[in-house]
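Source file structure.csv; content: CSV, C-alpha atoms and all ligand atoms.
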```csv
chain,number,residue,atom,x,y,z
B,1,MET,CA,35.5,-26.1,-18.7
B,2,ARG,CA,36.2,-25.4,-15.1
B,3,LEU,CA,33.6,-25.8,-12.4
B,4,ASP,CA,33.4,-22.1,-11.6
B,5,GLU,CA,32.9,-21.3,-15.3
B,6,PHE,CA,30.3,-24.0,-15.6
B,7,LEU,CA,28.5,-22.5,-12.6
B,8,LYS,CA,28.7,-19.1,-14.1
B,9,THR,CA,27.3,-20.2,-17.5
B,10,SER,CA,24.6,-22.1,-15.7
B,11,ASN,CA,23.9,-19.0,-13.8
B,12,TYR,CA,24.0,-20.4,-10.3
B,13,TYR,CA,23.7,-18.0,-7.5
B,14,VAL,CA,26.2,-18.9,-4.9
B,15,CYS,CA,25.7,-18.3,-1.2
B,16,GLU,CA,29.2,-18.1,0.1
B,17,ASN,CA,28.4,-18.9,3.7
B,18,THR,CA,26.3,-22.0,3.3
B,19,LYS,CA,28.0,-23.2,0.1
B,20,HIS,CA,24.5,-23.7,-1.3
B,21,TYR,CA,23.7,-22.8,-4.9
B,22,PHE,CA,20.5,-21.4,-6.0
B,23,ILE,CA,18.7,-21.6,-9.3
B,24,GLY,CA,15.8,-19.2,-8.8
B,25,ASN,CA,14.5,-20.3,-5.4
B,26,PHE,CA,15.5,-23.8,-6.0
B,27,ASP,CA,18.6,-24.7,-4.0
B,28,VAL,CA,20.9,-27.6,-4.5
B,29,ASN,CA,23.9,-28.6,-2.5
B,30,TYR,CA,27.5,-28.8,-3.6
B,31,ILE,CA,27.5,-32.6,-4.1
B,32,GLU,CA,24.5,-32.3,-6.5
B,33,ILE,CA,26.3,-29.5,-8.3
B,34,ASN,CA,29.4,-31.7,-8.8
B,35,LYS,CA,27.2,-34.5,-10.1
B,36,LEU,CA,25.6,-32.1,-12.6
B,37,TYR,CA,29.0,-30.8,-13.6
B,38,ASN,CA,30.5,-34.3,-14.2
B,39,HIS,CA,27.4,-35.3,-16.1
B,40,PHE,CA,28.0,-32.2,-18.3
B,41,LEU,CA,31.7,-33.1,-18.9
B,42,ASN,CA,30.9,-36.7,-19.8
B,43,THR,CA,27.9,-36.3,-21.9
B,44,GLY,CA,27.6,-32.6,-22.8
B,45,GLU,CA,24.1,-32.7,-21.6
B,46,ASN,CA,23.2,-29.8,-19.4
B,47,LEU,CA,20.8,-31.1,-16.7
B,48,ILE,CA,20.2,-27.6,-15.5
B,49,ASN,CA,17.5,-27.5,-18.2
B,50,ASN,CA,15.6,-29.9,-16.0
B,51,TYR,CA,15.6,-27.3,-13.2
B,52,VAL,CA,13.9,-24.9,-15.5
B,53,LYS,CA,11.1,-27.4,-15.8
B,54,LEU,CA,11.0,-27.9,-12.0
B,55,ILE,CA,10.8,-24.1,-11.5
B,56,HIS,CA,7.9,-24.1,-13.9
B,57,LEU,CA,6.1,-26.9,-11.9
B,58,GLN,CA,6.6,-24.7,-8.8
B,59,TRP,CA,4.9,-21.9,-10.6
B,60,GLU,CA,1.9,-24.1,-11.3
B,61,GLU,CA,1.5,-25.0,-7.7
B,62,ASN,CA,2.5,-21.6,-6.2
B,63,PRO,CA,1.8,-18.8,-8.8
B,64,PHE,CA,2.9,-16.2,-6.3
B,65,ILE,CA,6.6,-17.1,-6.5
B,66,PHE,CA,6.6,-16.3,-10.3
B,67,GLU,CA,7.5,-12.7,-9.9
B,68,GLU,CA,10.6,-13.4,-7.7
B,69,GLN,CA,11.9,-16.1,-10.0
B,70,LYS,CA,11.0,-14.7,-13.4
B,71,HIS,CA,13.8,-12.1,-13.9
B,72,PHE,CA,16.3,-14.7,-12.7
B,73,LEU,CA,15.2,-17.3,-15.1
B,74,ASP,CA,15.0,-14.8,-18.0
B,75,TYR,CA,18.6,-13.8,-17.3
B,76,SER,CA,19.8,-17.3,-17.0
B,77,LEU,CA,18.1,-18.3,-20.2
B,78,GLU,CA,19.8,-15.5,-22.1
B,79,MET,CA,23.1,-16.3,-20.7
B,80,MET,CA,22.9,-20.0,-21.4
B,81,ARG,CA,21.8,-19.3,-25.0
B,82,LYS,CA,24.6,-16.9,-25.6
B,83,LEU,CA,27.1,-19.4,-24.3
B,84,SER,CA,25.5,-22.1,-26.4
B,85,VAL,CA,25.0,-24.4,-23.4
B,86,MET,CA,21.3,-24.6,-24.3
B,87,ASN,CA,19.9,-25.6,-27.7
B,88,VAL,CA,17.5,-23.3,-29.5
B,89,ASP,CA,14.5,-25.6,-29.3
B,90,PHE,CA,14.8,-25.9,-25.6
B,91,TYR,CA,15.2,-22.1,-25.3
B,92,ILE,CA,11.9,-21.6,-27.2
B,93,GLU,CA,10.2,-24.2,-25.0
B,94,CYS,CA,11.5,-22.3,-21.9
B,95,ARG,CA,10.2,-19.0,-23.3
B,96,PHE,CA,6.8,-20.7,-23.7
B,97,LEU,CA,6.9,-22.0,-20.2
B,98,ILE,CA,7.7,-18.5,-18.9
B,99,LYS,CA,4.8,-17.0,-20.8
B,100,LYS,CA,2.5,-19.7,-19.4
B,101,GLY,CA,3.8,-19.0,-15.9
B,102,TYR,CA,3.1,-15.3,-16.5
B,103,ASP,CA,-0.5,-15.9,-17.5
B,104,ASN,CA,-1.0,-18.2,-14.6
B,105,TYR,CA,0.4,-15.6,-12.2
B,106,ASN,CA,-1.8,-12.9,-13.6
B,107,ASN,CA,-4.9,-15.0,-13.2
B,108,TRP,CA,-3.9,-15.8,-9.7
B,109,ILE,CA,-3.5,-12.2,-8.9
B,110,LEU,CA,-6.9,-11.3,-10.3
B,111,LYS,CA,-8.6,-14.1,-8.3
B,112,ASN,CA,-6.8,-13.4,-5.0
B,113,SER,CA,-6.1,-9.7,-4.8
B,114,GLY,CA,-9.6,-8.5,-3.7
B,115,LYS,CA,-10.1,-11.1,-0.9
B,116,LYS,CA,-6.4,-10.8,0.2
B,117,ARG,CA,-6.6,-7.0,0.6
B,118,ARG,CA,-9.8,-7.3,2.6
B,119,ASP,CA,-8.4,-9.9,4.9
B,120,ALA,CA,-5.3,-7.8,5.4
B,121,GLN,CA,-7.3,-4.7,6.1
B,122,ASN,CA,-9.4,-6.5,8.6
B,123,PHE,CA,-6.3,-7.8,10.4
B,124,ILE,CA,-4.5,-4.5,10.8
B,125,SER,CA,-7.8,-2.8,11.8
B,126,ARG,CA,-8.0,-4.9,15.0
B,127,LYS,CA,-7.5,-2.6,17.9
B,128,LYS,CA,-5.1,-4.9,19.8
B,129,ILE,CA,-2.9,-5.4,16.8
B,130,ARG,CA,-2.7,-1.7,16.1
B,131,GLU,CA,-1.8,-0.9,19.7
B,132,PHE,CA,0.8,-3.6,19.9
B,133,ILE,CA,2.6,-2.6,16.7
B,134,PHE,CA,2.5,1.2,17.4
B,135,LYS,CA,3.8,0.6,20.9
B,136,ARG,CA,6.5,-1.8,19.7
B,137,ASP,CA,7.7,0.8,17.1
B,138,ASN,CA,7.6,3.7,19.7
B,139,TYR,CA,4.7,5.5,17.9
B,140,ARG,CA,7.0,6.6,15.1
B,141,CYS,CA,7.2,6.1,11.4
B,142,LEU,CA,10.1,3.7,11.0
B,143,CYS,CA,11.0,5.4,7.7
B,144,CYS,CA,10.9,9.2,8.4
B,145,ASP,CA,10.5,9.2,12.2
B,146,SER,CA,7.3,11.3,12.1
B,147,ASN,CA,4.7,10.7,14.8
B,148,LYS,CA,1.8,12.0,12.7
B,149,LYS,CA,-0.8,10.0,10.7
B,150,LEU,CA,0.6,6.6,11.6
B,151,SER,CA,-0.5,3.5,9.8
B,152,ILE,CA,0.4,-0.1,9.7
B,153,ASP,CA,2.2,-1.6,6.8
B,154,HIS,CA,2.6,-5.2,5.6
B,155,ILE,CA,6.4,-5.5,5.1
B,156,ILE,CA,5.9,-8.2,2.6
B,157,PRO,CA,2.8,-7.0,0.7
B,158,VAL,CA,-0.2,-9.3,0.8
B,159,ASN,CA,-0.3,-9.5,-2.9
B,160,LYS,CA,3.3,-11.0,-2.7
B,161,ASN,CA,2.0,-13.6,-0.3
B,162,GLY,CA,2.9,-11.6,2.8
B,163,LYS,CA,1.2,-13.0,5.9
B,164,ASN,CA,-1.2,-11.4,8.3
B,165,LYS,CA,1.1,-11.8,11.3
B,166,ILE,CA,2.8,-9.5,13.8
B,167,SER,CA,6.3,-10.2,12.4
B,168,ASN,CA,5.2,-8.9,9.0
B,169,LEU,CA,3.9,-5.6,10.2
B,170,GLN,CA,5.6,-2.2,10.7
B,171,THR,CA,4.6,1.3,11.6
B,172,LEU,CA,4.8,3.8,8.8
B,173,CYS,CA,3.2,7.3,8.4
B,174,LYS,CA,0.5,7.5,5.7
B,175,SER,CA,2.8,9.3,3.3
B,176,CYS,CA,5.7,6.8,3.6
B,177,ASN,CA,3.3,4.0,3.4
B,178,SER,CA,1.8,5.2,0.1
B,179,LYS,CA,5.3,5.8,-1.3
B,180,LYS,CA,6.3,2.2,-0.4
B,181,SER,CA,3.1,1.0,-2.1
B,182,ASP,CA,3.4,-2.8,-2.7
B,183,LYS,CA,7.2,-3.0,-2.7
B,184,TYR,CA,9.0,-5.1,-0.2
B,185,LYS,CA,10.9,-2.9,2.3
B,186,ASP,CA,11.7,-3.7,5.9
B,187,TYR,CA,12.5,-0.6,7.9
B,188,ARG,CA,12.9,-2.3,11.3
B,201,ZN,ZN,7.1,8.4,7.4
```
What does the file become when written as structure tokens?
Amino acid sequence: MRLDEFLKTSNYYVCENTKHYFIGNFDVNYIEINKLYNHFLNTGENLINNYVKLIHLQWEENPFIFEEQKHFLDYSLEMMRKLSVMNVDFYIECRFLIKKGYDNYNNWILKNSGKKRRDAQNFISRKKIREFIFKRDNYRCLCCDSNKKLSIDHIIPVNKNGKNKISNLQTLCKSCNSKKSDKYKDYR
């Protein structure tokens, strides 16, 4: 099996510029990849499975990253199973870990969303903050250019761990803001 095929079956996401490879949000460098690849050639053991466990440990510590990583992990599991680089037992175990991660994430959301929303609301209600953001964005909605009913939006939504800081705020009119809802969209 060639290296590029191995990477594909292992579902690495390659960043061309930096030559870094990502598994979910977990990045490893080229030398580590080669080590994993040689290990796979010599023993048939796919150490990428270990990364799945690492990702799961990350979820336990930071439940908010679950959403970003879940679809990626789902996809890679399917792919690895199809290509028989993962055995069935481990696949089932991974599925179980994902379910656990999902429950953990939902509990975290429940626990945090109320307080987070209040904190965020307090932050963007501050007069100085509002004035600064509106002025910086020329008193226009960055999406539709309207100058009516302006509001301040968290670019990365607070329930996706977006921070209460200037660099995470943008001016949107109320209508564009409600269309954006809690999606991530940077109009600047
Ligand atoms: Zn607008």
- Excluding Ile152 (chain B) and residues on its chain fewer than 6 positions from it, collect all residues at most 10 Å away from it, counting only C-alpha atoms, and give them as a PyMOL selection string. chain B and resi 121+124-125+129-130+133-134+141+169-174+177
- Could you give me the residues within 12 Å of ligand ZN 201 (chain B), counting all atoms listed in the file, as a list in words? Tyr139, Arg140, Cys141, Leu142, Cys143, Cys144, Asp145, Ser146, Asn147, Lys148, Lys149, Leu150, Ser151, Ile152, Asp153, Gln170, Thr171, Leu172, Cys173, Lys174, Ser175, Cys176, Asn177, Ser178, Lys179, Lys180 and Tyr187 of chain B
- Task: Rank nothing, just name the residue among B:Asp137, B:Asp119, B:Asp186, B:Glu67 nearest to Ile55 (chain B), using all atoms listed in the file.
- Result: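 Distance minimum relative to Ile55 (chain B) lands on B:Glu67.
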- Task: Take the point (-6.6, -10.1, 5.2) as written in the file and pick out every residue within 12 Å of it, counting only C-alpha atoms; give the list as an MDAnalysis selection string.
- Result: chainID B and resid 112:126 154 157:159 161:165
- Message: For a test of reading the model, state the distance in Å between CA of Lys160 (chain B) and CA of Phe96 (chain B), rounded to one decimal.
- Response: 23.4 Å
- Tyr102 (chain B) surroundings by all atoms listed in the file, 9 Å radius, close-in-sequence under 6 positions cut, as a PyMOL selection string: chain B and resi 63+66-67+70
- For CA of Ile98 (chain B) and CA of Glu61 (chain B), determine how far apart the two atoms are, in Å to one decimal place.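 A separation of 14.4 Å between them.
The coordinates place CA of Lys183 (chain B) at 26.3 Å from CA of Arg95 (chain B).
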- Query: Pick the closest to Asn104 (chain B) from B:Glu60, B:Glu131, B:Asp89, B:Asp74: which is it, counting only C-alpha atoms?
  - Reply: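 Looking at the shortest contact to Asn104 (chain B), the residue is B:Glu60.
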